$ cat coords.txt   # compact mmCIF, C-alpha atoms
# COMPACT_ATOMS: atom_id res chain seq x y z
CA MET E 1 7.72 -22.31 11.12
CA THR E 2 5.30 -21.05 13.78
CA GLN E 3 4.56 -23.61 16.49
CA GLN E 4 0.86 -24.37 17.05
CA ARG E 5 -0.51 -23.52 20.44
CA ASP E 6 -2.18 -26.13 22.62
CA TYR E 7 -5.90 -26.22 21.82
CA TYR E 8 -6.92 -26.20 25.47
CA GLU E 9 -4.77 -23.09 25.93
CA VAL E 10 -6.39 -21.46 22.90
CA LEU E 11 -9.86 -21.89 24.42
CA GLY E 12 -8.65 -21.15 27.93
CA VAL E 13 -10.00 -24.38 29.49
CA PRO E 14 -8.41 -27.26 31.43
CA ARG E 15 -7.98 -30.71 29.86
CA THR E 16 -10.85 -31.96 32.03
CA ALA E 17 -13.31 -29.42 30.53
CA SER E 18 -16.80 -30.75 29.80
CA PRO E 19 -18.53 -30.31 26.42
CA GLU E 20 -20.56 -27.46 27.92
CA ASP E 21 -17.37 -25.78 29.20
CA LEU E 22 -15.84 -26.08 25.71
CA LYS E 23 -18.94 -24.63 24.08
CA LYS E 24 -19.06 -21.71 26.52
CA ALA E 25 -15.33 -20.99 26.08
CA PHE E 26 -15.63 -21.12 22.30
CA ARG E 27 -18.53 -18.67 22.36
CA GLN E 28 -16.50 -16.20 24.46
CA GLN E 29 -13.34 -16.47 22.32
CA ALA E 30 -15.25 -16.29 19.03
CA LEU E 31 -17.02 -13.14 20.16
CA LYS E 32 -13.68 -11.66 21.20
CA TYR E 33 -11.79 -12.33 17.96
CA HIS E 34 -14.46 -12.28 15.26
CA PRO E 35 -13.14 -9.94 12.50
CA ASP E 36 -16.47 -8.11 12.25
CA ARG E 37 -16.03 -7.00 15.87
CA ASN E 38 -12.28 -7.00 16.38
CA LYS E 39 -10.35 -4.78 13.94
CA ASP E 40 -6.93 -5.92 15.13
CA PRO E 41 -4.87 -7.22 12.14
CA ASP E 42 -4.26 -10.52 13.96
CA ALA E 43 -7.93 -11.09 14.88
CA SER E 44 -8.63 -13.11 11.72
CA ASP E 45 -5.85 -15.62 12.45
CA GLN E 46 -6.85 -15.86 16.11
CA PHE E 47 -10.47 -16.53 15.15
CA LYS E 48 -9.33 -19.34 12.85
CA GLU E 49 -7.25 -20.79 15.68
CA VAL E 50 -10.21 -20.69 18.09
CA ASN E 51 -12.45 -22.39 15.50
CA ALA E 52 -9.88 -25.10 14.78
CA ALA E 53 -9.47 -25.80 18.50
CA TYR E 54 -13.22 -26.16 19.05
CA GLN E 55 -13.69 -28.41 16.00
CA VAL E 56 -11.18 -30.86 17.44
CA LEU E 57 -12.09 -30.74 21.11
CA SER E 58 -15.87 -30.84 20.55
CA ASP E 59 -15.53 -34.14 18.65
CA PRO E 60 -14.98 -36.99 21.17
CA GLU E 61 -13.02 -39.15 18.73
CA ARG E 62 -10.76 -36.34 17.57
CA ARG E 63 -10.32 -35.07 21.13
CA THR E 64 -9.11 -38.50 22.22
CA ALA E 65 -6.61 -38.56 19.33
CA TYR E 66 -5.44 -35.04 20.23
CA ASP E 67 -5.00 -35.93 23.92
CA ARG E 68 -2.82 -38.90 22.95
CA PHE E 69 -0.78 -37.56 20.04
CA GLY E 70 -1.21 -33.77 20.10
CA HIS E 71 -1.57 -31.89 16.81
CA ALA E 72 -0.06 -34.80 14.88
CA GLY E 73 -3.06 -36.91 15.83
CA VAL E 74 -5.62 -34.64 14.15
CA THR E 75 -3.90 -33.38 10.99
CA ASN E 76 -3.23 -34.69 7.50
CA GLY E 77 -3.03 -38.49 7.37
CA ASN E 78 -4.17 -39.02 10.96
CA GLY E 79 -7.87 -38.47 10.49
CA GLY E 80 -7.83 -34.70 10.93
CA ARG E 81 -9.92 -32.25 8.95
CA GLY E 82 -8.06 -29.04 9.80
CA PHE E 83 -10.05 -26.06 8.57
CA ASP E 84 -12.22 -28.02 6.12
CA ASP E 85 -15.46 -27.66 8.08
CA PHE E 86 -14.82 -23.97 8.58
CA GLN E 87 -13.96 -23.30 4.95
CA ASN E 88 -16.83 -25.37 3.54
CA PHE E 89 -19.29 -23.57 5.74
CA GLY E 90 -18.43 -20.27 4.07
CA GLY E 91 -16.09 -18.28 6.30
CA PHE E 92 -16.31 -15.99 9.31
CA GLY E 93 -19.69 -14.42 8.60
CA ASP E 94 -21.64 -17.69 8.15
CA ILE E 95 -20.18 -19.56 11.12
CA PHE E 96 -20.55 -16.57 13.43
CA ASP E 97 -24.09 -15.79 12.31
CA ALA E 98 -25.25 -19.37 12.60
CA PHE E 99 -23.72 -19.93 16.02
CA PHE E 100 -24.70 -16.60 17.56
CA GLY E 101 -27.98 -15.94 15.77
CA GLY E 102 -26.77 -13.11 13.54
CA SER E 103 -27.97 -12.09 10.11
CA SER E 104 -26.08 -12.40 6.84
CA ARG E 105 -28.19 -9.75 5.10
CA LYS E 106 -25.82 -7.52 3.24
CA GLY E 107 -27.87 -4.61 1.91
CA PRO E 108 -25.91 -1.64 0.50
CA SER E 109 -22.18 -2.28 0.41
CA ARG E 110 -19.12 -0.12 -0.18
CA GLY E 111 -17.70 -0.04 -3.68
CA GLU E 112 -14.27 -1.27 -4.72
CA ASP E 113 -11.14 0.85 -4.41
CA LEU E 114 -9.43 1.71 -7.69
CA GLU E 115 -5.76 2.30 -8.51
CA VAL E 116 -4.08 4.41 -11.17
CA GLU E 117 -0.46 5.39 -11.86
CA VAL E 118 0.50 8.96 -12.80
CA SER E 119 3.92 10.01 -14.13
CA ILE E 120 5.33 13.48 -13.46
CA SER E 121 8.58 15.21 -14.31
CA PHE E 122 11.41 15.83 -11.85
CA ILE E 123 10.61 19.56 -11.82
CA GLU E 124 6.87 18.91 -11.28
CA SER E 125 7.74 16.77 -8.26
CA ALA E 126 9.65 19.72 -6.84
CA PHE E 127 7.02 22.41 -7.32
CA GLY E 128 3.76 20.46 -7.63
CA ALA E 129 1.36 20.22 -10.54
CA GLU E 130 -2.20 19.42 -11.51
CA LYS E 131 -2.59 16.22 -13.49
CA GLU E 132 -5.58 14.82 -15.34
CA PHE E 133 -6.25 11.22 -16.31
CA ASP E 134 -9.14 9.01 -17.45
CA ILE E 135 -10.57 6.12 -15.47
CA ASP E 136 -13.37 3.62 -16.10
CA ARG E 137 -15.47 2.91 -13.05
CA THR E 138 -18.88 1.69 -11.92
CA GLU E 139 -21.29 4.51 -11.10
CA SER E 140 -24.95 4.78 -10.17
CA CYS E 141 -27.09 4.59 -13.26
CA GLU E 142 -27.94 8.14 -14.32
CA HIS E 143 -31.19 7.02 -15.91
CA CYS E 144 -32.77 5.39 -12.83
CA GLY E 145 -30.66 7.00 -10.10
CA GLY E 146 -29.62 3.56 -8.83
CA SER E 147 -33.21 2.44 -8.14
CA ARG E 148 -32.94 -0.35 -10.76
CA ALA E 149 -36.45 0.43 -12.03
CA GLU E 150 -37.42 2.28 -15.18
CA PRO E 151 -38.35 5.86 -14.18
CA GLY E 152 -42.11 6.19 -13.74
CA THR E 153 -42.64 2.53 -12.89
CA ASP E 154 -43.31 0.96 -9.50
CA THR E 155 -41.51 -1.58 -7.37
CA SER E 156 -43.31 -4.21 -5.30
CA THR E 157 -42.66 -5.96 -2.00
CA CYS E 158 -40.62 -9.13 -2.47
CA ALA E 159 -42.94 -12.15 -2.27
CA THR E 160 -40.13 -14.46 -1.09
CA CYS E 161 -39.08 -12.53 2.03
CA GLY E 162 -42.14 -10.33 2.54
CA GLY E 163 -40.04 -7.17 2.29
CA SER E 164 -37.58 -8.06 5.05
CA GLY E 165 -34.75 -8.86 2.64
CA GLU E 166 -34.03 -11.99 4.70
CA VAL E 167 -34.94 -15.67 4.66
CA ARG E 168 -34.42 -18.25 7.38
CA ARG E 169 -32.81 -21.61 6.90
CA VAL E 170 -31.72 -24.49 9.11
CA GLN E 171 -28.22 -25.93 8.84
CA ARG E 172 -26.32 -28.63 10.69
CA MET E 173 -22.86 -27.86 12.02
CA VAL E 174 -20.34 -29.41 14.35
CA PHE E 175 -22.19 -27.56 17.15
CA GLY E 176 -25.57 -29.09 16.34
CA GLN E 177 -28.53 -27.77 14.38
CA PHE E 178 -28.86 -24.01 13.96
CA GLN E 179 -31.26 -21.59 12.35
CA GLN E 180 -29.57 -19.06 10.11
CA ILE E 181 -30.88 -15.80 8.69
CA ALA E 182 -29.64 -15.28 5.13
CA GLN E 183 -30.00 -12.64 2.45
CA CYS E 184 -32.97 -13.16 0.19
CA SER E 185 -31.72 -14.26 -3.21
CA THR E 186 -34.86 -13.05 -4.99
CA CYS E 187 -34.46 -9.37 -4.11
CA SER E 188 -30.75 -9.42 -3.15
CA GLY E 189 -31.63 -8.16 0.32
CA THR E 190 -33.44 -5.03 -0.83
CA GLY E 191 -36.92 -6.21 0.22
CA SER E 192 -38.45 -5.15 -3.09
CA THR E 193 -38.61 -6.42 -6.65
CA VAL E 194 -38.56 -4.41 -9.83
CA GLN E 195 -41.51 -4.81 -12.18
CA THR E 196 -39.95 -2.93 -15.12
CA PRO E 197 -36.13 -3.00 -15.03
CA CYS E 198 -34.28 0.14 -16.06
CA THR E 199 -33.68 0.11 -19.81
CA ASN E 200 -30.23 1.67 -19.37
CA CYS E 201 -28.70 -0.61 -16.72
CA SER E 202 -30.97 -3.67 -17.14
CA GLY E 203 -32.02 -3.43 -13.52
CA SER E 204 -28.53 -3.52 -11.96
CA GLY E 205 -28.68 0.07 -10.71
CA THR E 206 -25.13 0.76 -11.94
CA GLU E 207 -23.31 1.43 -15.19
CA ARG E 208 -19.73 1.68 -16.42
CA ARG E 209 -18.58 5.19 -17.27
CA SER E 210 -15.33 6.87 -18.24
CA ARG E 211 -14.42 9.93 -16.20
CA ARG E 212 -11.73 12.59 -16.48
CA ILE E 213 -10.20 13.09 -13.04
CA ALA E 214 -7.93 15.96 -11.94
CA VAL E 215 -5.56 15.61 -9.01
CA GLU E 216 -3.30 18.13 -7.29
CA ILE E 217 0.26 16.82 -6.94
CA PRO E 218 1.82 18.49 -3.87
CA ALA E 219 5.24 20.15 -4.08
CA GLY E 220 8.07 17.95 -2.79
CA ILE E 221 6.36 14.61 -3.48
CA GLU E 222 8.68 11.61 -3.88
CA ASP E 223 8.70 8.79 -6.40
CA GLY E 224 6.41 5.96 -5.28
CA SER E 225 4.20 8.17 -3.11
CA ARG E 226 0.47 7.51 -2.91
CA ILE E 227 -2.39 10.02 -3.01
CA VAL E 228 -5.88 8.96 -1.88
CA MET E 229 -9.03 10.54 -3.32
CA ARG E 230 -11.90 9.54 -1.04
CA GLY E 231 -15.13 8.48 -2.68
CA GLN E 232 -13.69 8.49 -6.20
CA GLY E 233 -13.61 4.71 -6.57
CA ALA E 234 -16.34 2.36 -7.82
CA GLN E 235 -19.97 2.84 -6.75
CA GLY E 236 -21.16 0.48 -4.03
CA ALA E 237 -23.91 -2.09 -4.60
CA LEU E 238 -27.51 -1.08 -3.84
CA ASN E 239 -26.53 2.60 -3.68
CA GLY E 240 -23.80 1.91 -1.12
CA PRO E 241 -20.94 4.41 -0.73
CA ALA E 242 -18.24 4.59 -3.40
CA GLY E 243 -14.75 3.25 -2.74
CA ASP E 244 -11.57 5.31 -2.87
CA LEU E 245 -9.17 6.09 -5.70
CA TYR E 246 -5.46 5.46 -5.03
CA ILE E 247 -3.02 7.39 -7.22
CA PHE E 248 0.57 6.10 -7.33
CA VAL E 249 3.04 8.79 -8.38
CA ARG E 250 6.07 7.98 -10.53
CA VAL E 251 8.76 10.66 -10.95
CA GLU E 252 10.74 10.65 -14.20
CA GLN E 253 14.53 10.87 -14.06
CA HIS E 254 16.26 14.15 -14.88
CA GLU E 255 19.28 14.41 -17.15
CA LEU E 256 21.15 16.76 -14.78
CA PHE E 257 19.77 16.22 -11.29
CA ASP E 258 19.31 13.45 -8.76
CA ARG E 259 17.43 13.61 -5.47
CA HIS E 260 18.66 12.67 -2.02
CA GLY E 261 16.02 13.35 0.61
CA ASN E 262 15.11 16.99 0.05
CA ASP E 263 18.49 17.84 -1.47
CA VAL E 264 19.26 18.02 -5.19
CA LEU E 265 22.51 16.46 -6.39
CA ALA E 266 24.32 17.71 -9.49
CA GLU E 267 27.75 17.37 -11.09
CA LEU E 268 29.73 20.26 -12.56
CA GLY E 269 32.47 19.67 -15.11
CA ILE E 270 35.35 22.17 -15.36
CA ASN E 271 38.63 22.16 -17.27
CA VAL E 272 42.10 22.01 -15.79
CA ALA E 273 42.73 25.73 -16.21
CA GLN E 274 39.47 26.66 -14.46
CA ALA E 275 40.28 24.31 -11.61
CA THR E 276 43.80 25.68 -11.27
CA LEU E 277 43.13 29.39 -11.60
CA GLY E 278 39.59 29.48 -10.16
CA THR E 279 36.55 30.89 -11.94
CA VAL E 280 32.95 32.06 -11.64
CA LEU E 281 30.32 29.88 -13.33
CA ASN E 282 26.54 29.74 -13.67
CA VAL E 283 25.25 26.41 -12.34
CA PRO E 284 21.82 25.02 -13.34
CA THR E 285 19.36 24.47 -10.45
CA ILE E 286 15.67 23.55 -10.36
CA ASP E 287 14.97 27.29 -9.97
CA GLY E 288 17.19 28.36 -12.87
CA GLU E 289 20.87 29.30 -13.05
CA HIS E 290 22.82 30.18 -9.90
CA GLU E 291 26.28 31.78 -9.85
CA ILE E 292 29.01 30.10 -7.82
CA LYS E 293 32.67 31.04 -7.37
CA LEU E 294 35.29 28.30 -7.63
CA PRO E 295 38.51 29.13 -5.80
CA ALA E 296 41.92 28.53 -7.35
CA GLY E 297 43.11 24.98 -6.90
CA THR E 298 39.63 23.40 -6.92
CA GLN E 299 39.95 19.60 -6.95
CA THR E 300 37.75 16.87 -8.40
CA GLY E 301 35.24 15.86 -5.73
CA LYS E 302 34.97 19.32 -4.16
CA VAL E 303 31.32 19.85 -3.20
CA PHE E 304 29.61 23.23 -3.14
CA ARG E 305 26.31 23.76 -1.36
CA ILE E 306 23.64 26.11 -2.69
CA ARG E 307 21.28 26.86 0.18
CA ASN E 308 17.49 26.57 -0.27
CA ALA E 309 17.78 25.35 -3.86
CA GLY E 310 16.41 21.87 -3.16
CA PHE E 311 12.97 20.32 -2.67
CA PRO E 312 10.33 21.80 -0.37
CA HIS E 313 9.78 19.98 2.91
CA MET E 314 6.25 18.59 2.64
CA GLY E 315 4.13 19.88 5.49
CA ARG E 316 6.70 22.51 6.47
CA SER E 317 5.85 25.74 4.69
CA GLY E 318 8.81 27.68 3.37
CA ARG E 319 11.51 25.13 4.19
CA ARG E 320 13.58 23.67 1.38
CA GLY E 321 16.58 21.43 0.98
CA ASP E 322 19.85 22.45 -0.67
CA GLN E 323 21.57 21.71 -3.95
CA LEU E 324 24.91 19.95 -3.69
CA VAL E 325 27.26 20.46 -6.64
CA ALA E 326 30.18 18.04 -7.00
CA VAL E 327 33.05 19.29 -9.17
CA LYS E 328 34.67 17.02 -11.74
CA VAL E 329 37.87 18.26 -13.38
CA ALA E 330 37.90 17.08 -17.00
CA THR E 331 41.20 15.93 -18.50
CA PRO E 332 41.39 16.74 -22.23
CA LYS E 333 41.75 13.73 -24.54
CA GLU E 334 42.83 15.67 -27.63
CA LEU E 335 45.14 18.70 -27.81
CA SER E 336 46.28 21.05 -30.52
CA ASP E 337 49.98 21.42 -31.11
CA ARG E 338 50.03 24.72 -29.24
CA GLN E 339 48.09 23.28 -26.31
CA ARG E 340 50.42 20.32 -26.09
CA GLU E 341 53.41 22.67 -26.10
CA LEU E 342 51.94 24.71 -23.27
CA PHE E 343 51.09 21.62 -21.22
CA GLU E 344 54.62 20.26 -21.66
CA GLU E 345 56.07 23.52 -20.40
CA LEU E 346 53.64 23.48 -17.49
CA ALA E 347 54.48 19.86 -16.66
CA ASP E 348 58.19 20.63 -16.54
CA SER E 349 57.67 23.63 -14.27
CA LEU E 350 55.27 21.86 -11.87
CA GLY E 351 57.12 18.59 -11.51
CA THR E 352 55.52 15.37 -10.25
CA PRO E 353 53.22 15.87 -7.23
CA ASP E 354 53.48 13.66 -4.15
CA VAL E 355 50.04 12.00 -3.96
CA GLY E 356 49.20 10.15 -0.77
CA TYR E 357 46.10 9.07 1.08
CA ALA E 358 44.30 12.06 2.53
CA GLU E 359 43.35 11.85 6.18
CA ASP E 360 39.78 12.89 5.37
CA GLY E 361 39.14 9.78 3.26
CA GLY E 362 40.01 11.28 -0.11
CA ILE E 363 37.67 12.34 -2.91
CA LEU E 364 35.11 9.58 -2.46
CA GLY E 365 35.00 10.19 1.26
CA ARG E 366 34.31 13.88 0.78
CA ILE E 367 31.53 13.19 -1.73
CA ARG E 368 29.86 10.63 0.55
CA ASP E 369 30.09 13.00 3.50
CA ALA E 370 28.58 15.87 1.55
CA PHE E 371 25.70 13.84 0.12
CA SER E 372 24.83 12.25 3.45
$ encode --input "coords.txt" --output "structure tokens"
Amino acid sequence: MTQQRDYYEVLGVPRTASPEDLKKAFRQQALKYHPDRNKDPDASDQFKEVNAAYQVLSDPERRTAYDRFGHAGVTNGNGGRGFDDFQNFGGFGDIFDAFFGGSSRKGPSRGEDLEVEVSISFIESAFGAEKEFDIDRTESCEHCGGSRAEPGTDTSTCATCGGSGEVRRVQRMVFGQFQQIAQCSTCSGTGSTVQTPCTNCSGSGTERRSRRIAVEIPAGIEDGSRIVMRGQGAQGALNGPAGDLYIFVRVEQHELFDRHGNDVLAELGINVAQATLGTVLNVPTIDGEHEIKLPAGTQTGKVFRIRNAGFPHMGRSGRRGDQLVAVKVATPKELSDRQRELFEELADSLGTPDVGYAEDGGILGRIRDAFS
């Protein structure tokens, strides 16, 4: 559990600070950490901490309790209010605007970001592909162009705010009485009212539409990767900019191949005779078949590397990984009479091998080394 900092330390004042000193320190710290000005990820938490400290220390009764008992004296069952005043007031924007004379007029705002998931095959992830999908999103009304008014009709200056899009109000806070500038609720901050609302969007300026979107999947992309299409999200309010579209890529499993970094992993089954005598085989790769030569005496776990038969390195033109082929010698479960006779003769002539622990870690060790 994170330990709370001393409130005097948070505001940067001594314990003997006067109410004016506290107010001045709060103003400086709030300006420094307000999320609208400070884009640091921790700014929001620091602003809350500054606000909590000032709420306690600016109240004589709560300050006395804090000086005597610390944080325990102003929380939960000890008469404390924590963040209640801050939360009830409406958050960062309202408290900052009221205290520092700002405006809460919103005007055009950015639209929401959208998310969609696209599945591609293993081979498509290796070489890239173009994918299409449908999305439903909010767009500017095509009929009125986002103006909210029926084409050919007029808009008029808002009678409530006089066209400013703002109204003033007075509100009491822990700091005293403040005048706040707020968005006009009549015109939603636009400064104008619509006489004849658009018949298509009912005066909202936006409509829901289904769109077919095409996206280029780059070669070498991995499962779980994210592609961002700027400006392809939902339309912003009052003709504000559209949000972004986030595409999450899922790669389907392949029946023959696995992926390890930019390398392709595959297993090759051979029979005892092929392993003993050696052979030449065609091995499947993501490019097609590739011929490899197995030497006589090939053992289970032997790994062969096919250069430049893996995934492209994203951002590095021309570079590719390799394909690693692990050999597995298959032991027959059923034999014909003739095969059994031949194997019995072979067993007698070969004798029983002396199997010990290989110094290189054995089969599993070689496979791990090759795939790493």
$ closest_residue --input "coords.txt" --among "E:Cys141, E:Val264, E:Ala214, E:Ala309" --to "Leu238 of chain E" --atoms "all atoms listed in the file"
E:Cys141
$ residues_around --input "coords.txt" --residues "Gly321 of chain E" --least-positions-apart "3" --cutoff "12 Å" --atoms "only C-alpha atoms" --output "VMD selection string"
chain E and resid 126 220 259 to 265 286 305 to 314 316 318 324 371
$ atom_distance --input "coords.txt" --atom1 "atom CA of Gln323 of chain E" --atom2 "atom CA of Gly224 of chain E"
21.9 Å
$ atom_distance --input "coords.txt" --atom1 "atom CA of Gln274 of chain E" --atom2 "atom CA of Pro295 of chain E"
9.1 Å
$ residues_around --input "coords.txt" --residues "Val228 of chain E" --least-positions-apart "5" --cutoff "9 Å" --atoms "only C-alpha atoms" --output "JSON, numbers by chain"
{"E": [244, 245, 246, 247, 248]}
$ atom_distance --input "coords.txt" --atom1 "atom CA of Lys131 of chain E" --atom2 "atom CA of Ile217 of chain E"
7.2 Å
$ residues_near_point --input "coords.txt" --point "(-4.6, 9.1, -12.7)" --cutoff "8 Å" --atoms "all atoms listed in the file" --output "list in words"
Val116, Glu117, Val118, Lys131, Glu132, Phe133, Asp134, Ile135, Ile213, Ala214, Val215 and Ile247 of chain E
$ closest_residue --input "coords.txt" --among "E:Ala273, E:Leu22, E:Ile123, E:Val50" --to "Asp287 of chain E" --atoms "all atoms listed in the file"
E:Ile123
$ residues_around --input "coords.txt" --residues "Ala53 of chain E" --least-positions-apart "6" --cutoff "8 Å" --atoms "all atoms listed in the file" --output "list in words"
Tyr7, Tyr8, Val10 and Leu11 of chain E
$ residues_around --input "coords.txt" --residues "Thr300 of chain E" --least-positions-apart "3" --cutoff "7 Å" --atoms "all atoms listed in the file" --output "PyMOL selection string"
chain E and resi 327-329
$ closest_residue --input "coords.txt" --among "E:Asp223, E:Ala237, E:Gly163, E:Thr331" --to "Ser125 of chain E" --atoms "only C-alpha atoms"
E:Asp223
$ residues_near_point --input "coords.txt" --point "(34.2, 24.3, -13.2)" --cutoff "12 Å" --atoms "all atoms listed in the file" --output "PyMOL selection string"
chain E and resi 267-283+291-304+325-330
$ axis_aligned_box --input "coords.txt" --around "segment 195-214 of chain E" --padding-each-side "3 Å" --output "lines of an AutoDock Vina configuration file"
center_x = -24.7
center_y = 5.6
center_z = -15.3
size_x = 39.6
size_y = 26.8
size_z = 15.1
$ residues_around --input "coords.txt" --residues "Thr138 of chain E" --least-positions-apart "2" --cutoff "7 Å" --atoms "all atoms listed in the file" --output "ChimeraX atom specification"
/E:206-209,234-235
